[in-house]
>>> print(open('work.pdb').read())   # PDB, C-alpha atoms
ATOM      1  CA  MET A 262      24.203  -9.017 -16.571
ATOM      2  CA  THR A 263      20.480  -9.605 -16.039
ATOM      3  CA  VAL A 264      18.769 -11.683 -13.391
ATOM      4  CA  PRO A 265      16.970 -14.924 -14.294
ATOM      5  CA  ARG A 266      13.398 -14.378 -15.354
ATOM      6  CA  TRP A 267      12.058 -16.527 -12.507
ATOM      7  CA  VAL A 268      13.716 -14.219  -9.962
ATOM      8  CA  THR A 269      11.950 -11.212 -11.487
ATOM      9  CA  HIS A 270       8.642 -13.109 -11.352
ATOM     10  CA  LEU A 271       9.305 -14.072  -7.716
ATOM     11  CA  PHE A 272       9.854 -10.460  -6.652
ATOM     12  CA  ARG A 273       6.817  -9.304  -8.595
ATOM     13  CA  ALA A 274       4.675 -12.014  -7.004
ATOM     14  CA  ALA A 275       5.863 -11.010  -3.537
ATOM     15  CA  GLY A 276       5.026  -7.388  -4.296
ATOM     16  CA  LEU A 277       1.638  -8.325  -5.716
ATOM     17  CA  PHE A 278       0.613 -10.371  -2.678
ATOM     18  CA  THR A 279       1.796  -7.586  -0.384
ATOM     19  CA  LEU A 280      -0.478  -5.236  -2.326
ATOM     20  CA  PHE A 281      -3.344  -7.738  -2.019
ATOM     21  CA  ALA A 282      -2.752  -7.857   1.739
ATOM     22  CA  VAL A 283      -3.056  -4.066   2.017
ATOM     23  CA  ILE A 284      -6.138  -3.985  -0.206
ATOM     24  CA  GLY A 285      -7.683  -6.837   1.759
ATOM     25  CA  GLY A 286      -6.948  -5.263   5.122
ATOM     26  CA  SER A 287      -8.530  -2.008   4.068
ATOM     27  CA  LEU A 288     -11.545  -3.818   2.593
ATOM     28  CA  VAL A 289     -11.965  -5.904   5.756
ATOM     29  CA  ALA A 290     -12.007  -2.771   7.891
ATOM     30  CA  ALA A 291     -14.318  -0.886   5.535
ATOM     31  CA  THR A 292     -16.857  -3.729   5.428
ATOM     32  CA  GLU A 293     -16.564  -4.606   9.139
ATOM     33  CA  SER A 294     -15.671  -8.170   8.177
ATOM     34  CA  GLY A 295     -12.827  -8.570  10.641
ATOM     35  CA  PHE A 296     -14.852 -10.272  13.350
ATOM     36  CA  GLU A 297     -16.872 -12.587  11.114
ATOM     37  CA  CYS A 298     -14.314 -15.359  11.689
ATOM     38  CA  GLY A 299     -13.840 -15.992  15.370
ATOM     39  CA  ASN A 300     -10.906 -18.359  14.856
ATOM     40  CA  TRP A 301      -7.445 -17.904  13.400
ATOM     41  CA  PRO A 302      -6.046 -18.794  10.899
ATOM     42  CA  GLY A 303      -9.189 -20.714   9.934
ATOM     43  CA  CYS A 304     -12.774 -19.550  10.139
ATOM     44  CA  ASP A 305     -15.969 -20.918  11.650
ATOM     45  CA  VAL A 306     -17.357 -23.665   9.406
ATOM     46  CA  ASP A 307     -20.863 -22.266   9.390
ATOM     47  CA  ALA A 308     -19.566 -18.841   8.410
ATOM     48  CA  ILE A 309     -17.177 -19.535   5.571
ATOM     49  CA  LEU A 310     -18.521 -22.564   3.693
ATOM     50  CA  PRO A 311     -21.009 -22.066   0.851
ATOM     51  CA  GLY A 312     -24.496 -22.247   2.237
ATOM     52  CA  GLY A 313     -23.416 -20.833   5.559
ATOM     53  CA  VAL A 314     -23.973 -17.389   6.960
ATOM     54  CA  VAL A 315     -22.806 -15.189   4.075
ATOM     55  CA  ASN A 316     -24.009 -11.602   4.367
ATOM     56  CA  GLU A 317     -24.121  -8.840   1.811
ATOM     57  CA  ILE A 318     -21.123  -8.882  -0.500
ATOM     58  CA  LEU A 319     -19.582  -5.721   0.931
ATOM     59  CA  TYR A 320     -20.711  -5.898   4.545
ATOM     60  CA  ARG A 321     -19.558  -8.259   7.292
ATOM     61  CA  ASN A 322     -18.632 -10.962   4.819
ATOM     62  CA  PRO A 323     -16.408 -13.763   6.218
ATOM     63  CA  TRP A 324     -15.167 -14.550   2.725
ATOM     64  CA  ILE A 325     -13.584 -11.094   2.567
ATOM     65  CA  GLU A 326     -11.789 -11.775   5.840
ATOM     66  CA  MET A 327     -10.506 -15.182   4.723
ATOM     67  CA  THR A 328      -9.377 -13.903   1.313
ATOM     68  CA  HIS A 329      -7.413 -11.194   3.087
ATOM     69  CA  ARG A 330      -5.829 -13.756   5.400
ATOM     70  CA  VAL A 331      -4.694 -15.926   2.504
ATOM     71  CA  SER A 332      -3.009 -13.016   0.719
ATOM     72  CA  ALA A 333      -1.452 -11.738   3.950
ATOM     73  CA  ILE A 334      -0.163 -15.177   4.957
ATOM     74  CA  LEU A 335       1.369 -15.730   1.495
ATOM     75  CA  SER A 336       3.043 -12.315   1.309
ATOM     76  CA  GLY A 337       5.447 -13.061   4.155
ATOM     77  CA  PRO A 338       6.852 -16.373   2.843
ATOM     78  CA  LEU A 339       7.168 -14.990  -0.688
ATOM     79  CA  ALA A 340       9.126 -12.015   0.619
ATOM     80  CA  LEU A 341      11.239 -14.377   2.738
ATOM     81  CA  ILE A 342      12.093 -16.523  -0.295
ATOM     82  CA  ALA A 343      12.852 -13.391  -2.320
ATOM     83  CA  GLY A 344      15.163 -12.179   0.442
ATOM     84  CA  ILE A 345      17.052 -15.480   0.570
ATOM     85  CA  VAL A 346      17.405 -15.591  -3.212
ATOM     86  CA  ALA A 347      18.610 -11.969  -3.280
ATOM     87  CA  LEU A 348      21.333 -12.661  -0.727
ATOM     88  CA  ARG A 349      22.755 -15.349  -3.015
ATOM     89  CA  MET A 350      22.938 -13.039  -6.039
ATOM     90  CA  ARG A 351      25.917 -10.797  -6.680
ATOM     91  CA  ASN A 352      24.752  -8.599  -9.512
ATOM     92  CA  ILE A 353      21.645  -6.968  -8.031
ATOM     93  CA  HIS A 354      21.510  -3.640  -6.227
ATOM     94  CA  PRO A 355      22.245  -3.851  -2.449
ATOM     95  CA  LEU A 356      18.824  -2.387  -1.653
ATOM     96  CA  ALA A 357      17.182  -5.324  -3.414
ATOM     97  CA  LYS A 358      18.872  -7.589  -0.856
ATOM     98  CA  VAL A 359      17.623  -5.577   2.126
ATOM     99  CA  LEU A 360      14.096  -4.492   1.193
ATOM    100  CA  PRO A 361      12.519  -7.991   1.088
ATOM    101  CA  TRP A 362      13.527  -8.435   4.735
ATOM    102  CA  VAL A 363      11.807  -5.148   5.577
ATOM    103  CA  THR A 364       8.702  -6.675   3.994
ATOM    104  CA  VAL A 365       9.115  -9.857   6.043
ATOM    105  CA  VAL A 366       9.262  -7.851   9.288
ATOM    106  CA  GLY A 367       6.291  -5.711   8.237
ATOM    107  CA  ALA A 368       4.234  -8.777   7.306
ATOM    108  CA  PHE A 369       5.033 -10.412  10.652
ATOM    109  CA  ILE A 370       3.992  -7.334  12.645
ATOM    110  CA  ALA A 371       0.765  -6.879  10.667
ATOM    111  CA  GLY A 372      -0.057 -10.589  10.921
ATOM    112  CA  PHE A 373       0.620 -10.749  14.652
ATOM    113  CA  VAL A 374      -1.517  -7.714  15.451
ATOM    114  CA  GLY A 375      -4.289  -8.856  13.090
ATOM    115  CA  ARG A 376      -4.380 -12.267  14.729
ATOM    116  CA  GLY A 377      -4.675 -10.671  18.163
ATOM    117  CA  ILE A 378      -7.552  -8.450  17.089
ATOM    118  CA  VAL A 379      -9.471 -11.418  15.666
ATOM    119  CA  LEU A 380      -8.959 -13.372  18.882
ATOM    120  CA  GLY A 381     -10.308 -10.532  21.005
ATOM    121  CA  GLU A 382      -7.204  -8.607  22.045
ATOM    122  CA  VAL A 383      -7.821  -4.928  22.745
ATOM    123  CA  TYR A 384      -4.877  -2.840  21.581
ATOM    124  CA  PRO A 385      -4.157   0.862  22.120
ATOM    125  CA  THR A 386      -4.242   3.168  19.124
ATOM    126  CA  TRP A 387      -0.478   3.168  18.676
ATOM    127  CA  VAL A 388      -0.518  -0.596  18.104
ATOM    128  CA  GLY A 389      -3.118  -0.134  15.383
ATOM    129  CA  ALA A 390      -0.862   2.524  13.844
ATOM    130  CA  LEU A 391       2.068   0.101  14.046
ATOM    131  CA  ASP A 392      -0.045  -2.530  12.279
ATOM    132  CA  LEU A 393      -1.078  -0.210   9.442
ATOM    133  CA  GLY A 394       2.360   1.381   9.182
ATOM    134  CA  ALA A 395       4.060  -2.015   8.964
ATOM    135  CA  ALA A 396       1.735  -3.096   6.129
ATOM    136  CA  LEU A 397       2.270   0.101   4.135
ATOM    137  CA  VAL A 398       6.048   0.098   4.636
ATOM    138  CA  ALA A 399       6.129  -3.554   3.569
ATOM    139  CA  LEU A 400       4.313  -2.587   0.363
ATOM    140  CA  VAL A 401       6.751   0.247  -0.327
ATOM    141  CA  ALA A 402       9.758  -2.002   0.316
ATOM    142  CA  MET A 403       8.650  -4.960  -1.803
ATOM    143  CA  THR A 404       7.477  -2.806  -4.705
ATOM    144  CA  THR A 405      10.784  -0.945  -4.779
ATOM    145  CA  ALA A 406      12.752  -4.201  -4.540
ATOM    146  CA  ALA A 407      10.835  -5.663  -7.478
ATOM    147  CA  ILE A 408      11.636  -2.641  -9.648
ATOM    148  CA  LEU A 409      15.308  -2.782  -8.651
ATOM    149  CA  VAL A 410      15.448  -6.438  -9.674
ATOM    150  CA  GLU A 411      13.633  -6.055 -12.989
ATOM    151  CA  ARG A 412      15.959  -3.166 -13.938
ATOM    152  CA  THR A 413      19.151  -5.008 -12.986
ATOM    153  CA  PRO A 414      21.890  -3.884 -13.384
ATOM    154  CA  ALA A 415      20.505  -0.780 -11.755
ATOM    155  CA  GLN A 416      21.606   2.206  -9.768
ATOM    156  CA  TRP A 417      19.764   4.647  -7.539
ATOM    157  CA  PHE A 418      19.690   8.206  -8.811
ATOM    158  CA  SER A 419      18.134  11.511  -7.830
ATOM    159  CA  SER A 420      15.412  13.210  -9.841
ATOM    160  CA  ARG A 421      12.827  15.871  -9.176
ATOM    161  CA  ALA A 422      10.081  13.380  -9.959
ATOM    162  CA  GLY A 423      11.480  10.961  -7.380
ATOM    163  CA  LEU A 424      11.832  13.731  -4.798
ATOM    164  CA  PHE A 425       8.207  14.811  -5.189
ATOM    165  CA  ALA A 426       6.904  11.241  -5.351
ATOM    166  CA  TRP A 427       8.760  10.036  -2.255
ATOM    167  CA  GLY A 428       7.563  13.167  -0.476
ATOM    168  CA  ALA A 429       3.989  12.238  -1.418
ATOM    169  CA  VAL A 430       4.509   8.669  -0.184
ATOM    170  CA  GLY A 431       5.779   9.909   3.173
ATOM    171  CA  THR A 432       2.978  12.464   3.519
ATOM    172  CA  LEU A 433       0.292   9.898   2.709
ATOM    173  CA  LEU A 434       1.818   7.431   5.160
ATOM    174  CA  VAL A 435       1.788   9.955   8.003
ATOM    175  CA  MET A 436      -1.735  11.052   7.064
ATOM    176  CA  HIS A 437      -3.051   7.489   7.164
ATOM    177  CA  LEU A 438      -1.440   6.819  10.532
ATOM    178  CA  THR A 439      -2.760  10.088  11.961
ATOM    179  CA  SER A 440      -6.252   9.041  10.918
ATOM    180  CA  LEU A 441      -6.247   6.258  13.507
ATOM    181  CA  TRP A 442      -6.170   8.856  16.282
ATOM    182  CA  ALA A 443      -8.839  10.918  14.496
ATOM    183  CA  ALA A 444     -11.211   7.964  14.255
ATOM    184  CA  GLY A 445     -13.974   7.126  16.661
ATOM    185  CA  PRO A 446     -15.292   3.590  17.259
ATOM    186  CA  GLY A 447     -16.489   1.919  14.059
ATOM    187  CA  SER A 448     -15.380   4.769  11.808
ATOM    188  CA  TYR A 449     -14.245   4.377   8.212
ATOM    189  CA  THR A 450     -11.520   6.847   9.182
ATOM    190  CA  ARG A 451      -9.608   3.816  10.513
ATOM    191  CA  VAL A 452      -9.436   2.451   6.989
ATOM    192  CA  VAL A 453      -6.746   3.471   4.498
ATOM    193  CA  SER A 454      -8.781   6.420   3.253
ATOM    194  CA  TRP A 455      -8.551  10.117   2.619
ATOM    195  CA  PRO A 456      -9.884  12.421   5.353
ATOM    196  CA  VAL A 457     -13.516  13.398   5.462
ATOM    197  CA  TRP A 458     -14.684  15.513   8.363
ATOM    198  CA  ASN A 459     -16.684  13.362  10.806
ATOM    199  CA  ILE A 460     -17.241  10.663   8.201
ATOM    200  CA  VAL A 461     -19.501   9.050  10.786
ATOM    201  CA  HIS A 462     -20.749  10.498  14.054
ATOM    202  CA  ALA A 463     -18.338   8.234  15.937
ATOM    203  CA  ASP A 464     -15.460  10.457  14.778
ATOM    204  CA  ALA A 465     -16.626  13.018  17.301
ATOM    205  CA  HIS A 466     -15.009  10.764  19.907
ATOM    206  CA  GLY A 467     -11.639  10.829  18.140
ATOM    207  CA  SER A 468      -8.828  13.337  18.572
ATOM    208  CA  PHE A 469      -9.829  16.795  17.379
ATOM    209  CA  ALA A 470      -6.175  17.737  16.829
ATOM    210  CA  ALA A 471      -5.681  14.672  14.643
ATOM    211  CA  GLN A 472      -8.795  15.563  12.683
ATOM    212  CA  ILE A 473      -7.400  19.027  11.985
ATOM    213  CA  ALA A 474      -3.894  17.793  11.161
ATOM    214  CA  ARG A 475      -5.038  15.436   8.407
ATOM    215  CA  PHE A 476      -6.331  18.122   6.054
ATOM    216  CA  PRO A 477      -3.096  20.128   5.565
ATOM    217  CA  MET A 478      -1.359  16.799   4.947
ATOM    218  CA  LEU A 479      -3.992  15.957   2.342
ATOM    219  CA  VAL A 480      -3.409  19.266   0.547
ATOM    220  CA  LEU A 481       0.363  18.745   0.632
ATOM    221  CA  ALA A 482       0.001  15.187  -0.670
ATOM    222  CA  VAL A 483      -2.165  16.310  -3.608
ATOM    223  CA  VAL A 484       0.324  19.044  -4.538
ATOM    224  CA  LEU A 485       3.241  16.611  -4.381
ATOM    225  CA  ILE A 486       1.352  14.011  -6.442
ATOM    226  CA  VAL A 487       0.601  16.545  -9.190
ATOM    227  CA  LEU A 488       4.232  17.727  -9.234
ATOM    228  CA  ALA A 489       5.538  14.148  -9.285
ATOM    229  CA  VAL A 490       3.247  13.154 -12.139
ATOM    230  CA  ARG A 491       4.286  16.210 -14.168
ATOM    231  CA  GLU A 492       8.010  15.622 -13.635
ATOM    232  CA  ALA A 493       7.797  11.847 -14.165
ATOM    233  CA  ARG A 494       6.569  12.318 -17.733
ATOM    234  CA  ALA A 495      10.084  13.413 -18.731
ATOM    235  CA  LEU A 496      11.359  10.053 -17.465
ATOM    236  CA  GLY A 497       8.813   8.084 -19.451
ATOM    237  CA  VAL A 498       6.703   7.250 -16.384
ATOM    238  CA  VAL A 499       3.398   8.293 -17.882
ATOM    239  CA  VAL A 500       0.683   5.654 -17.394
ATOM    240  CA  GLU A 501       1.264   5.437 -13.654
ATOM    241  CA  GLY A 502       0.837   9.201 -13.438
ATOM    242  CA  TYR A 503      -2.532   9.186 -15.149
ATOM    243  CA  VAL A 504      -3.683   6.313 -12.938
ATOM    244  CA  ALA A 505      -2.522   8.123  -9.784
ATOM    245  CA  LEU A 506      -4.376  11.289 -10.798
ATOM    246  CA  ALA A 507      -7.518   9.291 -11.580
ATOM    247  CA  PHE A 508      -7.443   7.600  -8.186
ATOM    248  CA  ALA A 509      -6.759  10.912  -6.445
ATOM    249  CA  ALA A 510      -9.661  12.602  -8.247
ATOM    250  CA  ALA A 511     -11.948   9.693  -7.303
ATOM    251  CA  CYS A 512     -10.882   9.993  -3.652
ATOM    252  CA  LEU A 513     -11.661  13.705  -3.636
ATOM    253  CA  LEU A 514     -15.022  13.098  -5.342
ATOM    254  CA  PHE A 515     -16.078  10.302  -2.969
ATOM    255  CA  GLY A 516     -14.903  12.337   0.013
ATOM    256  CA  ALA A 517     -16.892  15.363  -1.116
ATOM    257  CA  ILE A 518     -20.044  13.274  -1.608
ATOM    258  CA  ILE A 519     -19.649  11.666   1.797
ATOM    259  CA  GLY A 520     -18.996  15.015   3.440
ATOM    260  CA  PHE A 521     -21.972  16.789   1.852
ATOM    261  CA  THR A 522     -24.495  13.954   2.143
ATOM    262  CA  GLY A 523     -23.426  12.565   5.505
ATOM    263  CA  THR A 524     -23.617   8.985   4.210
ATOM    264  CA  ASP A 525     -20.925   6.358   4.695
ATOM    265  CA  THR A 526     -22.089   4.088   1.872
ATOM    266  CA  LEU A 527     -19.138   5.205  -0.258
ATOM    267  CA  GLY A 528     -16.626   4.256   2.408
ATOM    268  CA  VAL A 529     -15.515   1.116   0.564
ATOM    269  CA  PRO A 530     -14.727   2.765  -2.819
ATOM    270  CA  LEU A 531     -13.055   5.630  -0.947
ATOM    271  CA  ALA A 532     -10.795   3.133   0.797
ATOM    272  CA  MET A 533      -9.976   1.299  -2.427
ATOM    273  CA  CYS A 534      -9.109   4.546  -4.206
ATOM    274  CA  ALA A 535      -6.851   5.549  -1.322
ATOM    275  CA  VAL A 536      -4.924   2.279  -1.617
ATOM    276  CA  GLY A 537      -4.724   2.814  -5.369
ATOM    277  CA  VAL A 538      -3.245   6.297  -4.926
ATOM    278  CA  PHE A 539      -0.662   5.052  -2.430
ATOM    279  CA  PHE A 540       0.462   2.135  -4.578
ATOM    280  CA  THR A 541       0.695   4.066  -7.846
ATOM    281  CA  ILE A 542       2.643   6.913  -6.270
ATOM    282  CA  VAL A 543       5.061   4.310  -4.840
ATOM    283  CA  LEU A 544       5.473   2.981  -8.382
ATOM    284  CA  ILE A 545       6.176   6.483  -9.666
ATOM    285  CA  ALA A 546       8.676   7.121  -6.874
ATOM    286  CA  ALA A 547      10.566   3.876  -7.449
ATOM    287  CA  ARG A 548      10.559   4.072 -11.240
ATOM    288  CA  SER A 549      11.749   7.683 -11.061
ATOM    289  CA  SER A 550      14.631   6.696  -8.776
ATOM    290  CA  VAL A 551      15.965   3.466 -10.293
ATOM    291  CA  LEU A 552      18.160   3.802 -13.357
ATOM    292  CA  ALA A 553      18.697   0.751 -15.548
ATOM    293  CA  THR A 554      22.342   0.907 -16.570
ATOM    294  CA  ALA A 555      21.857  -1.734 -19.280
ATOM    295  CA  PRO A 556      18.809  -3.321 -20.968
ATOM    296  CA  SER A 557      17.336  -6.168 -18.925
ATOM    297  CA  ARG A 558      14.670  -8.743 -19.639
ATOM    298  CA  GLY A 559      11.212  -7.859 -18.414
ATOM    299  CA  MET A 560      11.974  -4.213 -17.696
ATOM    300  CA  SER A 561       9.760  -1.520 -19.063
ATOM    301  CA  ALA A 562      11.489   1.115 -21.151
ATOM    302  CA  THR A 563      10.802   4.047 -18.875
ATOM    303  CA  THR A 564      14.288   5.578 -18.747
ATOM    304  CA  PRO A 565      15.114   8.055 -21.504
ATOM    305  CA  ALA A 566      18.188   7.388 -23.603
ATOM    306  CA  SER A 567      19.924  10.502 -22.232
ATOM    307  CA  GLU A 568      19.649   9.093 -18.714
ATOM    308  CA  ALA A 569      20.620   5.590 -19.771
ATOM    309  CA  ARG A 570      23.910   7.071 -20.972
ATOM    310  CA  GLY A 571      24.563   8.337 -17.465
ATOM    311  CA  GLY A 572      22.934  11.757 -17.478
ATOM    312  CA  VAL A 573      20.871  12.485 -14.376
ATOM    313  CA  ARG A 574      17.972  14.843 -14.580
ATOM    314  CA  PRO A 575      18.194  17.716 -12.078
TER     315      PRO A 575
END
>>> encode(input="work.pdb", output="structure tokens")
Amino acid sequence: MTVPRWVTHLFRAAGLFTLFAVIGGSLVAATESGFECGNWPGCDVDAILPGGVVNEILYRNPWIEMTHRVSAILSGPLALIAGIVALRMRNIHPLAKVLPWVTVVGAFIAGFVGRGIVLGEVYPTWVGALDLGAALVALVAMTTAAILVERTPAQWFSSRAGLFAWGAVGTLLVMHLTSLWAAGPGSYTRVVSWPVWNIVHADAHGSFAAQIARFPMLVLAVVLIVLAVREARALGVVVEGYVALAFAAACLLFGAIIGFTGTDTLGVPLAMCAVGVFFTIVLIAARSSVLATAPSRGMSATTPASEARGGVRP
């Protein structure tokens, strides 16, 4: 029994807006646009309206801040509606009933902390880590829930691809959170980005231990991503693997350029690539762990016939 098409679209929309919220938050931090709107949830009239004070497209732009707010504000209600709808359905996987509520909690935490920062609250580093962690966990939860719904009736199964991919997701998450302690004031290191040693001079005021710790995690994440992409091909998860490798290669390239030249002008594309890597590896992890037990509308045919008959890849 499949779910109604509108339910699949609802879960996908909730996942998409959660992704937009993470992209927007990273872009806001990378462009230093977070303080261009002194009010919340609205902005200053002379800052946001056309003809007002609009700076360079990718630097202290209030439109970037407001676009991020819209996506972040919409992600919570969409996840809430998805959670309510899921509770009323009997045929979907139990995780699909729980994960939207994880997204709701994550969206609330990220929104509350973001509002406080805009209004001038000064938070310790651990609160910033809670903010970022909540947003990333919300993205993981809603993306996984959407895949569970679109593959209904579905079951969770173990695979080497899933093991490597979930390991990469966890490693990247810890690496991104560690970066907040490694960052100095005004550093791109606070953004969802891959580590670059002293990306700006302000990083010298961050934790030296955190700086050191990020690089082994980066190496481990790259190894796990490569292994996950290789194993996922046997499950039919191919495009996502190529995209993940492309984003990872771009992150390494931008990081190397920044490190060798000492410029931070590539901070924004580095941040966007880092979000791209995280999201695509979440897709690989979820699609390598959710088995469609019968054909369903809207699902992509990524499960081999041998697995659809019940065989589980070691």
>>> residues_near_point(input="work.pdb", point="(20.2, -11.6, -11.3)", cutoff="10 Å", atoms="only C-alpha atoms", output="ChimeraX atom specification")
/A:262-269,346-347,349-354,410-414,557
>>> resolve_selection(input="work.pdb", expression="the PyMOL selection byres ((chain A and resi 420) around 10)", output="list in words")
Trp417, Phe418, Ser419, Arg421, Ala422, Gly423, Leu424, Phe425, Ala426, Ala489, Glu492, Ala493, Leu496, Ala546, Ser549, Ser550, Val551, Val573, Arg574 and Pro575 of chain A
>>> residues_around(input="work.pdb", residues="A:Cys534", least_positions_apart="5", cutoff="9 Å", atoms="all atoms listed in the file", output="ChimeraX atom specification")
/A:454-455,507-509,511-512,529,539
>>> atom_distance(input="work.pdb", atom1="atom CA of A:Gly344", atom2="atom CA of A:Val365")
8.6 Å
>>> resolve_selection(input="work.pdb", expression="the PyMOL selection byres ((chain A and resi 404) around 10)", output="list in words")
Phe272, Arg273, Ala274, Ala275, Gly276, Leu277, Thr279, Leu280, Leu360, Pro361, Thr364, Val398, Ala399, Leu400, Val401, Ala402, Met403, Thr405, Ala406, Ala407, Ile408, Leu409, Phe540, Val543, Leu544, Ala547 and Arg548 of chain A
>>> closest_residue(input="work.pdb", among="A:Leu506, A:Leu391, A:Ile542, A:Leu271", to="A:Ala343", atoms="all atoms listed in the file")
A:Leu271
>>> resolve_selection(input="work.pdb", expression="the PyMOL selection byres ((chain A and resi 478) around 12)", output="ChimeraX atom specification")
/A:428-440,455-456,471-477,479-485
>>> atom_distance(input="work.pdb", atom1="atom CA of A:Tyr384", atom2="atom CA of A:Leu341")
27.3 Å
>>> atom_distance(input="work.pdb", atom1="atom CA of A:Val383", atom2="atom CA of A:Pro338")
27.2 Å
>>> residues_around(input="work.pdb", residues="A:Val453", least_positions_apart="5", cutoff="8 Å", atoms="all atoms listed in the file", output="ChimeraX atom specification")
/A:287,437,532-533,535-536
>>> decode(input="work.pdb", residues="stretch 498-562 of chain A", atoms="C-alpha atoms", output="mmCIF file, in the first residue's frame")
data_model
loop_
_atom_site.group_PDB
_atom_site.id
_atom_site.type_symbol
_atom_site.label_atom_id
_atom_site.label_comp_id
_atom_site.auth_asym_id
_atom_site.auth_seq_id
_atom_site.Cartn_x
_atom_site.Cartn_y
_atom_site.Cartn_z
ATOM 1 C CA VAL A 498 22.657 4.973 -5.733
ATOM 2 C CA VAL A 499 24.969 6.399 -8.354
ATOM 3 C CA VAL A 500 24.169 10.040 -9.174
ATOM 4 C CA GLU A 501 24.281 11.108 -5.538
ATOM 5 C CA GLY A 502 27.728 9.549 -5.256
ATOM 6 C CA TYR A 503 29.141 11.497 -8.170
ATOM 7 C CA VAL A 504 27.626 14.708 -6.804
ATOM 8 C CA ALA A 505 29.077 14.053 -3.335
ATOM 9 C CA LEU A 506 32.541 13.439 -4.789
ATOM 10 C CA ALA A 507 32.299 16.597 -6.897
ATOM 11 C CA PHE A 508 31.358 18.694 -3.880
ATOM 12 C CA ALA A 509 34.103 17.090 -1.791
ATOM 13 C CA ALA A 510 36.715 17.756 -4.484
ATOM 14 C CA ALA A 511 35.543 21.382 -4.734
ATOM 15 C CA CYS A 512 35.836 21.774 -0.951
ATOM 16 C CA LEU A 513 39.384 20.437 -0.997
ATOM 17 C CA LEU A 514 40.291 22.690 -3.942
ATOM 18 C CA PHE A 515 38.819 25.849 -2.386
ATOM 19 C CA GLY A 516 40.427 25.001 0.948
ATOM 20 C CA ALA A 517 43.822 24.520 -0.675
ATOM 21 C CA ILE A 518 43.554 27.842 -2.528
ATOM 22 C CA ILE A 519 42.525 29.655 0.633
ATOM 23 C CA GLY A 520 45.301 28.019 2.623
ATOM 24 C CA PHE A 521 48.055 28.777 0.100
ATOM 25 C CA THR A 522 46.961 32.300 -0.836
ATOM 26 C CA GLY A 523 45.772 33.465 2.570
ATOM 27 C CA THR A 524 42.622 34.998 1.069
ATOM 28 C CA ASP A 525 39.112 34.491 2.411
ATOM 29 C CA THR A 526 37.324 35.513 -0.789
ATOM 30 C CA LEU A 527 36.453 31.871 -1.478
ATOM 31 C CA GLY A 528 34.803 31.440 1.900
ATOM 32 C CA VAL A 529 31.286 31.541 0.447
ATOM 33 C CA PRO A 530 31.758 28.809 -2.218
ATOM 34 C CA LEU A 531 33.647 26.731 0.356
ATOM 35 C CA ALA A 532 30.662 26.958 2.685
ATOM 36 C CA MET A 533 28.184 26.083 -0.057
ATOM 37 C CA CYS A 534 30.228 23.056 -1.116
ATOM 38 C CA ALA A 535 30.398 21.881 2.491
ATOM 39 C CA VAL A 536 26.603 22.004 2.772
ATOM 40 C CA GLY A 537 26.368 20.167 -0.541
ATOM 41 C CA VAL A 538 28.653 17.380 0.691
ATOM 42 C CA PHE A 539 26.688 16.986 3.923
ATOM 43 C CA PHE A 540 23.306 16.846 2.212
ATOM 44 C CA THR A 541 24.316 14.435 -0.551
ATOM 45 C CA ILE A 542 26.003 12.044 1.862
ATOM 46 C CA VAL A 543 22.800 12.088 3.961
ATOM 47 C CA LEU A 544 20.906 11.141 0.799
ATOM 48 C CA ILE A 545 23.326 8.291 0.144
ATOM 49 C CA ALA A 546 23.050 7.088 3.739
ATOM 50 C CA ALA A 547 19.251 7.121 3.750
ATOM 51 C CA ARG A 548 18.825 5.605 0.296
ATOM 52 C CA SER A 549 21.324 2.873 1.180
ATOM 53 C CA SER A 550 19.394 2.037 4.356
ATOM 54 C CA VAL A 551 15.740 2.136 3.285
ATOM 55 C CA LEU A 552 14.439 -0.868 1.386
ATOM 56 C CA ALA A 553 11.232 -0.505 -0.608
ATOM 57 C CA THR A 554 9.370 -3.761 -0.072
ATOM 58 C CA ALA A 555 6.943 -3.023 -2.922
ATOM 59 C CA PRO A 556 6.862 -0.491 -5.792
ATOM 60 C CA SER A 557 5.505 2.890 -4.708
ATOM 61 C CA ARG A 558 4.545 6.011 -6.602
ATOM 62 C CA GLY A 559 7.228 8.656 -6.806
ATOM 63 C CA MET A 560 10.056 6.435 -5.598
ATOM 64 C CA SER A 561 13.244 6.212 -7.551
ATOM 65 C CA ALA A 562 14.284 2.729 -8.590
#
